[in-house]
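Pasting start_2.cif here (mmCIF, C-alpha atoms and all ligand atoms):
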```cif
data_start
loop_
_atom_site.label_atom_id
_atom_site.label_comp_id
_atom_site.auth_asym_id
_atom_site.auth_seq_id
_atom_site.Cartn_x
_atom_site.Cartn_y
_atom_site.Cartn_z
CA MET A 1 45.47 176.59 64.57
CA GLY A 2 48.97 175.75 65.96
CA ARG A 3 51.60 173.86 63.97
CA VAL A 4 51.65 170.12 64.35
CA PRO A 5 54.95 169.24 66.11
CA TYR A 6 57.41 167.03 64.24
CA LYS A 7 57.43 163.38 65.32
CA PRO A 8 60.54 162.40 67.36
CA GLU A 9 61.46 159.70 64.76
CA PHE A 10 61.42 162.35 62.02
CA LEU A 11 63.66 164.68 64.04
CA ALA A 12 66.00 161.82 64.90
CA ARG A 13 66.31 160.88 61.20
CA ILE A 14 67.11 164.48 60.27
CA THR A 15 69.72 164.78 63.02
CA GLU A 16 71.32 161.52 61.86
CA ARG A 17 71.30 162.61 58.20
CA ARG A 18 72.87 165.96 59.03
CA ALA A 19 75.57 164.34 61.18
CA ALA A 20 76.42 161.94 58.33
CA LEU A 21 76.57 164.85 55.86
CA ARG A 22 78.84 166.84 58.18
CA ALA A 23 81.21 163.88 58.48
CA GLU A 24 81.17 163.29 54.69
CA LEU A 25 81.94 166.92 53.91
CA ALA A 26 84.66 167.18 56.57
CA SER A 27 86.47 164.20 55.05
CA SER A 28 85.90 164.91 51.36
CA LEU A 29 86.28 168.66 50.77
CA PRO A 30 89.64 170.40 50.41
CA ALA A 31 90.38 172.29 53.61
CA ARG A 32 91.97 175.41 52.21
CA GLN A 33 90.35 176.14 48.86
CA ALA A 34 87.29 178.21 48.03
CA LEU A 35 84.79 176.02 46.18
CA VAL A 36 82.79 176.29 43.00
CA TRP A 37 79.33 175.12 44.10
CA GLU A 38 76.57 174.09 41.72
CA ILE A 39 73.18 173.88 43.41
CA GLY A 40 70.85 171.37 41.76
CA SER A 41 73.59 169.98 39.52
CA GLY A 42 71.18 167.54 37.85
CA HIS A 43 72.90 165.18 35.39
CA GLY A 44 76.28 166.90 35.84
CA HIS A 45 76.72 168.15 32.27
CA PHE A 46 77.75 171.62 33.30
CA LEU A 47 79.96 170.90 36.30
CA VAL A 48 82.00 168.13 34.69
CA GLN A 49 82.78 170.37 31.72
CA TYR A 50 83.54 173.25 34.07
CA ALA A 51 85.94 171.21 36.21
CA GLN A 52 87.65 170.05 33.03
CA ALA A 53 87.96 173.60 31.69
CA PHE A 54 89.26 174.98 35.00
CA PRO A 55 91.48 172.30 36.58
CA ALA A 56 92.73 174.65 39.30
CA LYS A 57 89.19 175.09 40.67
CA TYR A 58 87.51 172.58 42.98
CA CYS A 59 83.91 171.97 41.93
CA VAL A 60 81.12 170.51 44.07
CA GLY A 61 77.69 169.63 42.71
CA VAL A 62 74.78 169.07 45.05
CA ASP A 63 71.45 167.50 44.17
CA ILE A 64 68.76 165.60 45.99
CA ILE A 65 68.17 162.95 43.30
CA ARG A 66 70.44 159.92 43.63
CA ASP A 67 70.10 158.74 40.03
CA ARG A 68 71.20 162.12 38.64
CA LEU A 69 74.20 162.13 40.98
CA ASN A 70 75.17 158.63 39.84
CA ARG A 71 75.11 159.76 36.21
CA SER A 72 77.14 162.85 37.14
CA GLY A 73 79.72 160.71 38.92
CA LYS A 74 80.08 158.48 35.86
CA LYS A 75 80.70 161.52 33.62
CA ARG A 76 83.30 162.79 36.08
CA ASP A 77 85.04 159.39 36.22
CA ARG A 78 85.06 159.03 32.42
CA ALA A 79 86.78 162.43 32.27
CA ARG A 80 89.21 161.30 35.03
CA LEU A 81 88.72 164.45 37.07
CA SER A 82 89.98 164.79 40.62
CA ASN A 83 88.64 168.33 41.11
CA CYS A 84 84.94 167.52 40.84
CA HIS A 85 82.81 166.02 43.59
CA PHE A 86 79.08 165.29 43.80
CA VAL A 87 77.10 165.14 47.01
CA GLN A 88 73.53 164.04 47.66
CA ALA A 89 72.10 166.75 49.88
CA GLU A 90 69.44 169.38 50.13
CA ALA A 91 71.06 172.78 49.47
CA HIS A 92 70.22 174.36 52.86
CA GLU A 93 71.45 171.28 54.68
CA PHE A 94 74.66 171.23 52.63
CA LEU A 95 75.32 174.86 53.51
CA ASP A 96 74.66 174.18 57.15
CA ALA A 97 76.88 171.10 57.25
CA LEU A 98 79.93 172.70 55.63
CA PRO A 99 83.04 172.67 57.82
CA VAL A 100 83.98 175.98 59.42
CA GLY A 101 86.18 178.03 57.10
CA VAL A 102 84.96 176.51 53.81
CA SER A 103 83.94 179.27 51.42
CA PHE A 104 82.79 179.69 47.82
CA GLU A 105 84.48 181.45 44.94
CA GLU A 106 81.53 180.79 42.62
CA ILE A 107 77.96 179.62 43.05
CA TRP A 108 75.99 178.30 40.08
CA VAL A 109 72.25 177.80 39.88
CA LEU A 110 71.15 176.57 36.46
CA PHE A 111 67.45 176.08 35.75
CA PRO A 112 66.31 175.81 39.37
CA ASP A 113 62.85 174.33 39.92
CA PRO A 114 60.60 177.36 39.28
CA TRP A 115 57.60 176.43 41.46
CA PRO A 116 55.37 178.58 39.22
CA LYS A 117 52.25 178.69 41.42
CA LYS A 118 52.25 181.59 43.84
CA ARG A 119 51.40 179.40 46.82
CA HIS A 120 54.50 177.30 46.02
CA HIS A 121 56.97 180.18 45.74
CA LYS A 122 58.07 179.38 49.28
CA ASN A 123 59.68 176.19 47.88
CA ARG A 124 61.99 178.12 45.56
CA ILE A 125 65.64 177.77 46.44
CA LEU A 126 66.55 181.41 45.73
CA GLN A 127 64.97 183.47 48.50
CA ALA A 128 66.31 186.40 50.53
CA GLY A 129 67.33 184.28 53.54
CA PHE A 130 69.16 181.76 51.40
CA LEU A 131 70.98 184.49 49.43
CA GLU A 132 72.11 185.98 52.76
CA ALA A 133 73.27 182.56 53.93
CA LEU A 134 75.26 182.17 50.69
CA ALA A 135 76.79 185.59 51.31
CA GLY A 136 77.95 184.32 54.71
CA ARG A 137 80.21 181.79 52.94
CA ALA A 138 81.29 184.09 50.13
CA GLY A 139 84.20 186.48 50.15
CA GLU A 140 84.08 189.86 48.46
CA GLY A 141 84.07 189.29 44.70
CA THR A 142 82.49 185.81 44.79
CA ARG A 143 80.14 185.39 41.86
CA LEU A 144 76.67 183.96 41.80
CA TYR A 145 75.49 182.75 38.38
CA LEU A 146 71.82 182.11 37.65
CA ARG A 147 70.18 180.90 34.47
CA THR A 148 66.46 180.13 34.20
CA ASP A 149 63.73 179.81 31.59
CA HIS A 150 61.10 181.08 34.04
CA ALA A 151 60.75 184.83 33.43
CA GLU A 152 58.87 185.60 36.62
CA TYR A 153 61.38 183.72 38.82
CA PHE A 154 64.18 185.59 37.04
CA GLN A 155 62.52 188.93 37.78
CA ALA A 156 61.87 187.95 41.40
CA VAL A 157 65.54 187.01 41.96
CA THR A 158 66.71 190.17 40.19
CA ALA A 159 64.54 192.22 42.57
CA LEU A 160 65.77 190.31 45.62
CA LEU A 161 69.41 190.82 44.67
CA SER A 162 68.85 194.50 43.99
CA ASN A 163 67.47 194.89 47.51
CA LEU A 164 70.21 193.02 49.34
CA GLN A 165 73.36 194.82 50.41
CA THR A 166 75.45 191.67 50.25
CA TRP A 167 75.13 191.13 46.47
CA ARG A 168 75.27 193.50 43.50
CA LEU A 169 74.11 192.64 40.01
CA ASP A 170 76.85 192.85 37.41
CA PRO A 171 75.31 193.05 33.92
CA ALA A 172 78.76 193.34 32.33
CA ALA A 173 80.13 190.13 33.88
CA ALA A 174 81.03 187.38 31.42
CA TRP A 175 79.57 183.86 31.47
CA PRO A 176 82.80 181.86 31.79
CA LEU A 177 81.65 178.64 30.06
CA GLU A 178 78.75 177.73 27.82
CA GLN A 179 77.67 174.14 28.30
CA GLU A 180 74.11 173.08 27.59
CA THR A 181 72.41 171.24 30.45
CA VAL A 182 69.47 168.83 30.20
CA PHE A 183 67.01 171.55 31.19
CA GLN A 184 68.63 174.18 29.01
CA ALA A 185 68.18 171.88 26.01
CA ARG A 186 64.45 171.72 26.73
CA ALA A 187 64.03 175.48 27.24
CA PRO A 188 62.75 177.56 24.32
CA ALA A 189 64.40 180.66 25.84
CA TYR A 190 66.18 181.61 29.03
CA GLN A 191 67.74 184.51 30.91
CA SER A 192 71.00 184.70 32.85
CA LEU A 193 72.40 186.98 35.52
CA VAL A 194 75.61 187.37 37.46
CA ALA A 195 75.76 188.87 40.94
CA VAL A 196 78.94 189.74 42.81
CA ARG A 197 79.41 189.58 46.58
CA THR A 198 79.95 193.06 47.99
CA SER A 199 81.99 193.89 51.09
CA HIS A 200 78.84 194.37 53.19
CA PRO A 201 78.79 191.94 56.15
CA ALA A 202 76.26 189.11 55.89
CA ARG A 203 73.77 188.46 58.64
CA PRO A 204 74.94 185.49 60.74
CA ALA A 205 73.18 182.34 59.53
CA GLY A 206 71.18 180.35 62.04
CA THR A 207 71.05 176.57 62.04
CA ALA A 208 68.53 175.34 59.48
CA ALA A 209 65.30 174.38 61.21
CA PRO A 210 64.02 170.85 60.69
CA ARG A 211 62.21 170.69 57.39
CA PRO A 212 60.24 167.96 55.70
CA PRO A 213 62.09 166.01 53.01
CA PRO A 214 62.60 168.40 50.07
CA ARG A 215 60.02 168.26 47.32
CA VAL A 216 61.15 167.93 43.75
CA GLY A 217 59.80 170.54 41.37
CA PRO A 218 56.97 169.75 38.97
CA ARG A 219 59.24 168.77 36.04
C1 LIG A 301 65.10 171.70 36.87
S1 LIG A 301 66.41 170.69 37.42
C2 LIG A 301 67.85 171.44 36.66
C3 LIG A 301 69.02 170.51 36.66
C4 LIG A 301 70.28 171.06 35.95
N1 LIG A 301 70.81 172.22 36.65
C5 LIG A 301 69.99 171.37 34.50
O1 LIG A 301 70.03 172.56 34.13
O2 LIG A 301 69.73 170.43 33.75
C6 LIG A 301 66.58 171.22 39.12
C7 LIG A 301 67.50 170.32 39.92
O3 LIG A 301 67.62 170.83 41.23
C8 LIG A 301 67.52 169.77 42.18
N2 LIG A 301 67.01 170.36 43.42
C9 LIG A 301 65.78 170.88 43.63
N3 LIG A 301 65.68 171.38 44.87
C10 LIG A 301 66.89 171.18 45.45
C11 LIG A 301 67.41 171.47 46.74
N4 LIG A 301 66.65 172.08 47.66
N5 LIG A 301 68.68 171.12 47.02
C12 LIG A 301 69.45 170.49 46.09
N6 LIG A 301 69.01 170.19 44.85
C13 LIG A 301 67.75 170.53 44.53
C14 LIG A 301 66.57 168.78 41.51
O4 LIG A 301 66.71 167.49 42.01
C15 LIG A 301 66.97 168.90 40.05
O5 LIG A 301 67.97 167.97 39.67
#
```
Please re-express this file's structure in structure tokens.
Ligand SMILES: C[S@@+](CC[C@H](N)C(=O)[O-])C[C@H]1O[C@@H](n2cnc3c(N)ncnc32)[C@H](O)[C@@H]1O
Amino acid sequence: MGRVPYKPEFLARITERRAALRAELASSLPARQALVWEIGSGHGHFLVQYAQAFPAKYCVGVDIIRDRLNRSGKKRDRARLSNCHFVQAEAHEFLDALPVGVSFEEIWVLFPDPWPKKRHHKNRILQAGFLEALAGRAGEGTRLYLRTDHAEYFQAVTALLSNLQTWRLDPAAAWPLEQETVFQARAPAYQSLVAVRTSHPARPAGTAAPRPPPRVGPR
């Protein structure tokens, strides 16, 4: 059975949303500074603390849930931070909409939706293609930080990273700041890893194909 084609209205809405995101990022991100990016920044507990602890870094948190971003923005404003910015976007679309030349010095993924059922693994954010796309915006030495309470997801990402030439696991790397997030507070246990961008060239990233509105994980 062939795939049902997307309706023109759906494609038009996506094109419009992506154009708006491109314009927002072009006007709001610093032009010449590698970013600290938190994917799925939730209620902003981590990133606001991080931006406060490292004022010379420019931190950007991305999430798809408006209410969480509003709360994050309020935390940032209470702390009077000018180096912390929150954007409502789906992570692939954010990556795709970044202005040419913008790169990452750090990428944080804290308690990503685990999509525990095997048939839903395709919805997980950390997959080989996405890790390669991240590598395309990361210079040698950029760090990727992951923390999750889902043991099988942790193992799967560890295996993916071990098989990619663009990232190398660094078990000795330090965790630069401990700040409990909403989902960390709920987790009975969790595991963390740090991967470092190698000098191996990344595969050129293609434009993200139209995708249905992102689904929020089952928690
Ligand atoms: C389990 S919560 C963790 C939130 C926060 N990091 C914490 O530790 O409390 C996962 C977050 O990722 C966001 N999210 C899920 N898929 C996403 C995607 N594709 N792009 C951006 N954010 C996403 C969700 O909206 C949610 O806020």
Can you list, as a PyMOL selection string, every protein, DNA or RNA residue that comes within 7 Å of Leu193 (chain A) when you count all atoms listed in the file, leaving out same-chain residues fewer than 5 positions away?
chain A and resi 145-147+171
Check every protein, DNA and RNA residue against ligand LIG 301 (chain A), keep those with an atom at most 8 Å away (counting only C-alpha atoms and all ligand atoms), and present them as number ranges by chain.
A: 38-46, 62-65, 68, 88-92, 109-114, 124-125, 180-184, 214-217, 219
With 10 Å as the threshold, what does the neighbourhood of (80.1, 184.8, 56.3) contain in terms of residues, counting all atoms listed in the file? Coordinates are those of the file; answer as a PyMOL selection string.
chain A and resi 101-103+132-139+201-205
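Going from CA of Ala51 (chain A) to CA of Ala172 (chain A) covers 23.6 Å.
CA of Tyr153 (chain A) is positioned 8.9 Å from CA of His121 (chain A).
For the pair CA of Ala31 (chain A) and CA of Gly61 (chain A), the separation is 16.9 Å.
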Which protein, DNA or RNA residues are at most 8 Å from (55.2, 176.7, 35.7) in the file's coordinates when you count all atoms listed in the file, listed as a VMD selection string?
chain A and resid 114 to 117 150 218
Among A:Gln49, A:Phe54, A:Cys59, A:Glu16, Leu29 (chain A) is approached most closely, using only C-alpha atoms, by A:Cys59
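When all atoms listed in the file are used to measure the gap to Ala174 (chain A), the shortest distance among A:Leu131, A:Val157, A:Leu25, A:Leu144 belongs to A:Leu144.
Considering all atoms listed in the file, the residue among A:Leu98, A:Gln33, A:Lys122, A:Arg168 positioned nearest to Arg18 (chain A) is A:Leu98.
Using only C-alpha atoms, the smallest distance between any of A:Gln179, A:Arg32, A:Ser192, A:Gly141 and Trp167 (chain A) comes from A:Gly141.
Considering all atoms listed in the file, the residue among A:Ala26, A:Val48, A:Phe104, A:Ala53 positioned nearest to Ala79 (chain A) is A:Val48.
Across A:Leu47, A:Val100, A:Leu126, A:Val60, the tightest approach to Ser28 (chain A) is made by A:Val60 when counting all atoms listed in the file.
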Any chance you could work out the axis-aligned box around region 56-61 of chain A, listed atoms only, 5 Å on each side, giving centre and edge lengths in Å to one decimal, as AutoDock Vina command-line options?
```
--center_x 85.2 --center_y 172.4 --center_z 41.7 --size_x 25.0 --size_y 15.5 --size_z 14.8
```
